[in-house]
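Working notes for the structure below.
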Amino acid sequence: MMTQQELEKYLWGAATALRGTIDAGDYKQYIFPLMFFKRISDVYDEEFENALAESDGDLEYAAFAENHNFLIPEGAHWNDVRETTTNIGLALQNAMRAIEKANPDTLDGIFGDASWTNKDRLTDAMLTNLIEHYSQHTLNLKNVPDDKLGNAYEYLIKEFADDSGHTAAEFYTNRTVVKLMTMIMDPKPGESVYDPTCGSGGLLLNCALHLKDEGKEYRTLKLYGQEINLLTSAIARMNMFMHGIEEFDIVRGNTLSNPGLLENDELKKFNVILANPPYSIKSWDRKAFESDPYGRNLWGTPPQGCADYAFEQHIHKSMDEKNGRCVQLWPHGILFRDNEKKMRKEMMSTDTVECVIALGKNLFYNSSMESALLIRRTNKSEKTKGKVLFINAFNEVKDEKTIAYLLDEHIEKIFNAYTKFEDIEGFARLVDVEEIMKKDGSLLVTNYVKSSRLVENKVVSVEGSFDAWEKSSENLTSSINSLFKVLA
């Protein structure tokens with residue numbers, strides 16, 4: 001049996017064969033489907049052998065669908081492609097489509113839409129190298145259990161994020177932040193968990209793995225997600241299967257214009273929602289949202305240049321009325337921007353905002369922006385009604401050049417402050433909703449919990465930095481407008 005490290009080195013080794021001929025951002029569209037194809041072929045063989053042993057060598061019995069997780073039609077097995085010497089890309093493509101067709105309820109479209117037959121990108125020699133590389137080891141359950149393969153798959157996602165940079169944010173959320181979000185949400189066995197912009201499925205998976213780590217029944221958790229990108233949604237589905245999760249539904253499509261998880265023509269409701277939505281997107285159908293058929297514009301219609309509150313209202317309408325709770329990872333702008341003030345105040349009037357946690361910078365992939373967690377629930381406890389807890393965790397971060405993460409001690413400190421739900425000098429403060437409304441509904445943490453950082457023997461106020469940033473941003477916009485007027 002391979003060690004975790006050996007497995008990861010072996011899986012990442014395939015990417016090195018693509019170096020120099022394919023952009024790093026495109027590795028994932030080839031590597032993940034190949035790896036999944038190899039896994040299900042090897043598991044099919046293992047199931048076949050087990051059924052043969054059970055039935056004293058009955059070949060017909062061993063091929064029965066009941067004995068297999070996924071069906072692999074004749075001619076579509078990994079070994080069939082491995083034996084092909086010319087037009088290997090076509091053979092791969094045909095095998096993958098045949099497997100999708102044979103498993104319409106579970107694997108439809110799962111291999112994505114990579115162009116396997118483009119010989120300018122993938123020569124027969126290169127594909128032979130890739131296939132031979134993966135053929136070195138058997139990826140069945142005995143050799144590589146679900147949890148080990150799942151960990152390796154997450155490792156690959158992280159490596160692709162590091163390697164490609166510019167595409168990373170689409171499908172990767174900082175795993176240490178994910179851990180904190182999951183702890184705060186505290187999913188229970190049997191509950192439904194939803195991510196409206198699920199990327200590669202990390203937030204959803206973490207909820208199941210959190211229960212598993214606690215020794216609780218994680219397989220009864222129902223995981224739901226929607227993802228706009230075809231490849232990324234396929235990666236998310238593969239991610240679930242690689243971790244041995246089967247109770248899930250990940251749909252592809254645009255969550256704002258075409259929500260895909262409905263019940264009785266209304267948005268489906270969920271117990272837990274976790275999200276790291278794409279922030280400040282400008283190309284969205286604002287006009288359609290003005291008269292949204294699902295009633296998601298209940299606080300108003302966000303400006304064209306920033307759809308953040310469209311996602312926040314979608315999440316609000318998707319929460320279970322009895323025990324719905326949600327946590328979103330946002331840049332700080334959503335907490336204080338003036339042009340969203342009316343919607344923010346409407347949100348505050350629902351008394352669903354429970355806690356706002358200001359996190360440090362560099363926790364977003366490929367961006368130095370500071371982030372915040374916005375935590376809400378539909379049915380707040382007596383202790384939390386009419387109040388919002390603000391936690392200033394700016395300094396609770398391990399920063400390493402372009403990427404930062406939370407250490408276990410940071411996660412514990414933040415989580416303990418959240419669960420205590422009381423004032424902690426210089427770190428957390430419980431604030432009445434009335435006081436927030438007097439500040440125009442601003443949820444900027446530094447309005448309520450002052451924080452200062454020592455930089456080169458000077459104390460720098462974070463609040464002051466925000467003010468300076470806003471002013472410099474306004475000055476820049478004003479200068480650009482003036483320049484355009486002169487040029488016009």
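So you can find residues: chains in the structure tokens are A, B, ... in the order shown, residues in each start at 1, and ligands are numbered from 1 in order.
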Q: From a DSSP calculation on the backbone, collect every residue of range 249-487 of chain A in strand (DSSP E) and output the set as a PyMOL selection string.
A: chain A and resi 249-252+262-263+266-267+272-275+325-331+353-361+370-377+387-392+398-400+403-405+428-432+452-455+458-461
Could you turn the residues from that selection into a file that holds C-alpha atoms, as a PDB file, in the first residue's frame?
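The resulting file, selection_27.pdb, is reproduced below:
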```pdb
ATOM      1  CA  ASP A 249     -26.231  16.714  -6.100  1.00  0.00           C
ATOM      2  CA  ILE A 250     -24.007  19.208  -7.896  1.00  0.00           C
ATOM      3  CA  VAL A 251     -25.684  21.014 -10.767  1.00  0.00           C
ATOM      4  CA  ARG A 252     -24.094  23.138 -13.420  1.00  0.00           C
ATOM      5  CA  LEU A 262     -35.586  23.897  -6.874  1.00  0.00           C
ATOM      6  CA  GLU A 263     -38.509  22.336  -5.017  1.00  0.00           C
ATOM      7  CA  GLU A 266     -39.292  27.592  -5.482  1.00  0.00           C
ATOM      8  CA  LEU A 267     -35.712  27.692  -4.266  1.00  0.00           C
ATOM      9  CA  VAL A 272     -26.436  24.868   6.284  1.00  0.00           C
ATOM     10  CA  ILE A 273     -25.057  27.147   3.555  1.00  0.00           C
ATOM     11  CA  LEU A 274     -21.357  27.869   3.087  1.00  0.00           C
ATOM     12  CA  ALA A 275     -20.065  30.053   0.266  1.00  0.00           C
ATOM     13  CA  ARG A 325     -27.565  29.102   9.041  1.00  0.00           C
ATOM     14  CA  CYS A 326     -24.977  30.403   6.635  1.00  0.00           C
ATOM     15  CA  VAL A 327     -21.411  31.657   6.479  1.00  0.00           C
ATOM     16  CA  GLN A 328     -19.960  33.588   3.548  1.00  0.00           C
ATOM     17  CA  LEU A 329     -16.356  34.561   2.891  1.00  0.00           C
ATOM     18  CA  TRP A 330     -16.358  38.082   1.428  1.00  0.00           C
ATOM     19  CA  PRO A 331     -13.937  40.948   0.899  1.00  0.00           C
ATOM     20  CA  VAL A 353     -26.923  38.640  11.140  1.00  0.00           C
ATOM     21  CA  GLU A 354     -25.280  36.854  14.040  1.00  0.00           C
ATOM     22  CA  CYS A 355     -21.551  37.510  13.711  1.00  0.00           C
ATOM     23  CA  VAL A 356     -18.994  39.280  11.528  1.00  0.00           C
ATOM     24  CA  ILE A 357     -15.372  38.131  11.689  1.00  0.00           C
ATOM     25  CA  ALA A 358     -12.641  40.283  10.156  1.00  0.00           C
ATOM     26  CA  LEU A 359      -9.804  38.079   8.911  1.00  0.00           C
ATOM     27  CA  GLY A 360      -6.300  39.009   7.806  1.00  0.00           C
ATOM     28  CA  LYS A 361      -5.011  39.683   4.305  1.00  0.00           C
ATOM     29  CA  GLU A 370      -8.528  41.356   3.560  1.00  0.00           C
ATOM     30  CA  SER A 371     -11.487  39.049   3.992  1.00  0.00           C
ATOM     31  CA  ALA A 372     -14.394  38.695   6.377  1.00  0.00           C
ATOM     32  CA  LEU A 373     -16.867  36.014   7.387  1.00  0.00           C
ATOM     33  CA  LEU A 374     -20.519  37.033   7.462  1.00  0.00           C
ATOM     34  CA  ILE A 375     -22.504  34.590   9.620  1.00  0.00           C
ATOM     35  CA  ARG A 376     -26.291  34.592   9.684  1.00  0.00           C
ATOM     36  CA  ARG A 377     -29.093  32.342  10.944  1.00  0.00           C
ATOM     37  CA  LYS A 387     -27.317  41.580  18.760  1.00  0.00           C
ATOM     38  CA  VAL A 388     -24.332  41.043  16.469  1.00  0.00           C
ATOM     39  CA  LEU A 389     -20.940  39.772  17.586  1.00  0.00           C
ATOM     40  CA  PHE A 390     -17.954  41.471  15.950  1.00  0.00           C
ATOM     41  CA  ILE A 391     -14.605  39.663  16.067  1.00  0.00           C
ATOM     42  CA  ASN A 392     -11.449  41.466  14.997  1.00  0.00           C
ATOM     43  CA  LYS A 398       0.268  33.341   9.407  1.00  0.00           C
ATOM     44  CA  ASP A 399       1.391  35.430   6.449  1.00  0.00           C
ATOM     45  CA  GLU A 400       3.953  34.063   4.007  1.00  0.00           C
ATOM     46  CA  ILE A 403      -0.366  33.450   0.658  1.00  0.00           C
ATOM     47  CA  ALA A 404      -1.547  33.312   4.230  1.00  0.00           C
ATOM     48  CA  TYR A 405      -3.313  30.733   6.350  1.00  0.00           C
ATOM     49  CA  ALA A 428     -14.639  40.760  20.274  1.00  0.00           C
ATOM     50  CA  ARG A 429     -17.639  42.932  21.064  1.00  0.00           C
ATOM     51  CA  LEU A 430     -21.367  42.286  21.276  1.00  0.00           C
ATOM     52  CA  VAL A 431     -23.293  45.156  19.678  1.00  0.00           C
ATOM     53  CA  ASP A 432     -27.017  45.957  19.673  1.00  0.00           C
ATOM     54  CA  SER A 452      -3.903  48.441  15.950  1.00  0.00           C
ATOM     55  CA  ARG A 453      -0.794  46.929  14.483  1.00  0.00           C
ATOM     56  CA  LEU A 454       2.757  47.815  15.350  1.00  0.00           C
ATOM     57  CA  VAL A 455       4.679  48.567  12.154  1.00  0.00           C
ATOM     58  CA  LYS A 458       4.507  53.114  14.698  1.00  0.00           C
ATOM     59  CA  VAL A 459       0.982  52.156  15.680  1.00  0.00           C
ATOM     60  CA  VAL A 460      -1.158  51.925  12.568  1.00  0.00           C
ATOM     61  CA  SER A 461      -4.936  51.959  12.955  1.00  0.00           C
TER      62      SER A 461
END
```
(Q) Give me, as number ranges by chain, all polymer residues having an atom no more than 9 Å from Ser283 in chain A, counting only C-alpha atoms and skipping those fewer than 3 positions away in the same chain. (A) A: 286, 304-307
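In terms of minimum interatomic distance to Ala102 in chain A, A:Ile72 ranks closest within A:Ile72, A:Ala417, A:Ala51, A:Ile411, counting only C-alpha atoms.
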Q. Out of range 160-402 of chain A, which residues get alpha helix (DSSP H) from DSSP, as a PyMOL selection string?
A. chain A and resi 160-164+168-171+175-185+202-213+230-242+286-290+308-317+333-336+341-349
Rows by chain and residue number, range 36-101 of chain A within 12 Å of range 235-243 of chain A, shortest pair, only C-alpha atoms, as JSON lines:
```
{"residue": "A:Phe36", "atom": "CA", "partner": "A:Met238", "partner_atom": "CA", "distance": 6.8}
{"residue": "A:Phe37", "atom": "CA", "partner": "A:Met238", "partner_atom": "CA", "distance": 10.0}
{"residue": "A:Lys38", "atom": "CA", "partner": "A:Met242", "partner_atom": "CA", "distance": 11.5}
{"residue": "A:Arg39", "atom": "CA", "partner": "A:Met242", "partner_atom": "CA", "distance": 8.3}
{"residue": "A:Ile40", "atom": "CA", "partner": "A:Met242", "partner_atom": "CA", "distance": 9.4}
{"residue": "A:Val43", "atom": "CA", "partner": "A:Met242", "partner_atom": "CA", "distance": 11.2}
{"residue": "A:Asn69", "atom": "CA", "partner": "A:Phe241", "partner_atom": "CA", "distance": 10.2}
{"residue": "A:Phe70", "atom": "CA", "partner": "A:Phe241", "partner_atom": "CA", "distance": 10.8}
```
Same residues, N, CA and C atoms, output as a PDB file, in the first residue's frame:
```
ATOM      1  N   PHE A  36      -9.531   9.974 -12.598  1.00  0.00           N
ATOM      2  CA  PHE A  36     -10.834   9.404 -12.260  1.00  0.00           C
ATOM      3  C   PHE A  36     -11.116   8.158 -13.106  1.00  0.00           C
ATOM      4  N   PHE A  37     -10.770   8.227 -14.385  1.00  0.00           N
ATOM      5  CA  PHE A  37     -10.932   7.093 -15.301  1.00  0.00           C
ATOM      6  C   PHE A  37     -10.141   5.881 -14.791  1.00  0.00           C
ATOM      7  N   LYS A  38      -8.899   6.132 -14.372  1.00  0.00           N
ATOM      8  CA  LYS A  38      -8.051   5.052 -13.830  1.00  0.00           C
ATOM      9  C   LYS A  38      -8.658   4.477 -12.553  1.00  0.00           C
ATOM     10  N   ARG A  39      -9.125   5.365 -11.680  1.00  0.00           N
ATOM     11  CA  ARG A  39      -9.698   4.913 -10.396  1.00  0.00           C
ATOM     12  C   ARG A  39     -10.907   4.014 -10.629  1.00  0.00           C
ATOM     13  N   ILE A  40     -11.855   4.466 -11.448  1.00  0.00           N
ATOM     14  CA  ILE A  40     -13.084   3.658 -11.576  1.00  0.00           C
ATOM     15  C   ILE A  40     -12.827   2.358 -12.340  1.00  0.00           C
ATOM     16  N   VAL A  43     -11.243   0.061  -9.629  1.00  0.00           N
ATOM     17  CA  VAL A  43     -12.263  -0.358  -8.644  1.00  0.00           C
ATOM     18  C   VAL A  43     -13.218  -1.370  -9.291  1.00  0.00           C
ATOM     19  N   ASN A  69     -20.139  -0.286  -8.481  1.00  0.00           N
ATOM     20  CA  ASN A  69     -20.492   1.108  -8.212  1.00  0.00           C
ATOM     21  C   ASN A  69     -20.816   1.822  -9.508  1.00  0.00           C
ATOM     22  N   PHE A  70     -19.932   1.643 -10.502  1.00  0.00           N
ATOM     23  CA  PHE A  70     -20.129   2.226 -11.834  1.00  0.00           C
ATOM     24  C   PHE A  70     -19.924   1.139 -12.872  1.00  0.00           C
TER      25      PHE A  70
END
```
Which polymer residues have any atom within 10 Å of an atom of Pro145 in chain A, counting only C-alpha atoms, with same-chain residues fewer than 5 positions away left out, as an mmCIF file with C-alpha atoms, in the first residue's frame?
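Dumped everything to around.cif:
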```cif
data_model
loop_
_atom_site.group_PDB
_atom_site.id
_atom_site.type_symbol
_atom_site.label_atom_id
_atom_site.label_comp_id
_atom_site.auth_asym_id
_atom_site.auth_seq_id
_atom_site.Cartn_x
_atom_site.Cartn_y
_atom_site.Cartn_z
ATOM 1 C CA MET A 1 0.000 0.000 0.000
ATOM 2 C CA LEU A 139 -5.826 2.679 -7.667
ATOM 3 C CA ASN A 140 -8.330 0.227 -6.209
ATOM 4 C CA GLY A 150 -9.507 12.064 -1.297
ATOM 5 C CA MET A 242 -12.903 10.179 -4.766
ATOM 6 C CA HIS A 243 -13.764 10.791 -1.100
ATOM 7 C CA GLY A 244 -16.381 8.011 -1.117
#
```
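Counting only C-alpha atoms, the residue from A:Leu180, A:Ile99, A:Val433, A:Val193 that sits nearest to Tyr418 in chain A is A:Leu180.
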Give me the residues within 9 Å of Thr197 in chain A as a PDB file with C-alpha atoms, in the first residue's frame, counting only C-alpha atoms and dropping any in the same chain fewer than 4 places off.
```pdb
ATOM      1  CA  GLY A 201     -16.586  21.247  -3.718  1.00  0.00           C
ATOM      2  CA  GLY A 225     -23.949  22.636  -4.918  1.00  0.00           C
ATOM      3  CA  GLN A 226     -24.138  24.705  -8.071  1.00  0.00           C
ATOM      4  CA  GLU A 227     -21.185  25.713 -10.233  1.00  0.00           C
ATOM      5  CA  ILE A 228     -21.190  27.765 -13.431  1.00  0.00           C
ATOM      6  CA  ASN A 254     -25.490  30.269 -13.272  1.00  0.00           C
ATOM      7  CA  THR A 255     -26.887  30.492  -9.734  1.00  0.00           C
ATOM      8  CA  ALA A 275     -20.065  30.053   0.266  1.00  0.00           C
ATOM      9  CA  ASN A 276     -17.113  31.937  -1.140  1.00  0.00           C
ATOM     10  CA  PRO A 277     -18.992  33.690  -3.952  1.00  0.00           C
ATOM     11  CA  PRO A 278     -17.241  35.430  -6.837  1.00  0.00           C
TER      12      PRO A 278
END
```
Q: List the neighbours of Leu221 in chain A out to 8 Å using only C-alpha atoms; skip same-chain residues closer than 6 positions along the sequence, and give me the result as an MDAnalysis selection string.
A: chainID A and resid 188:193 208 247
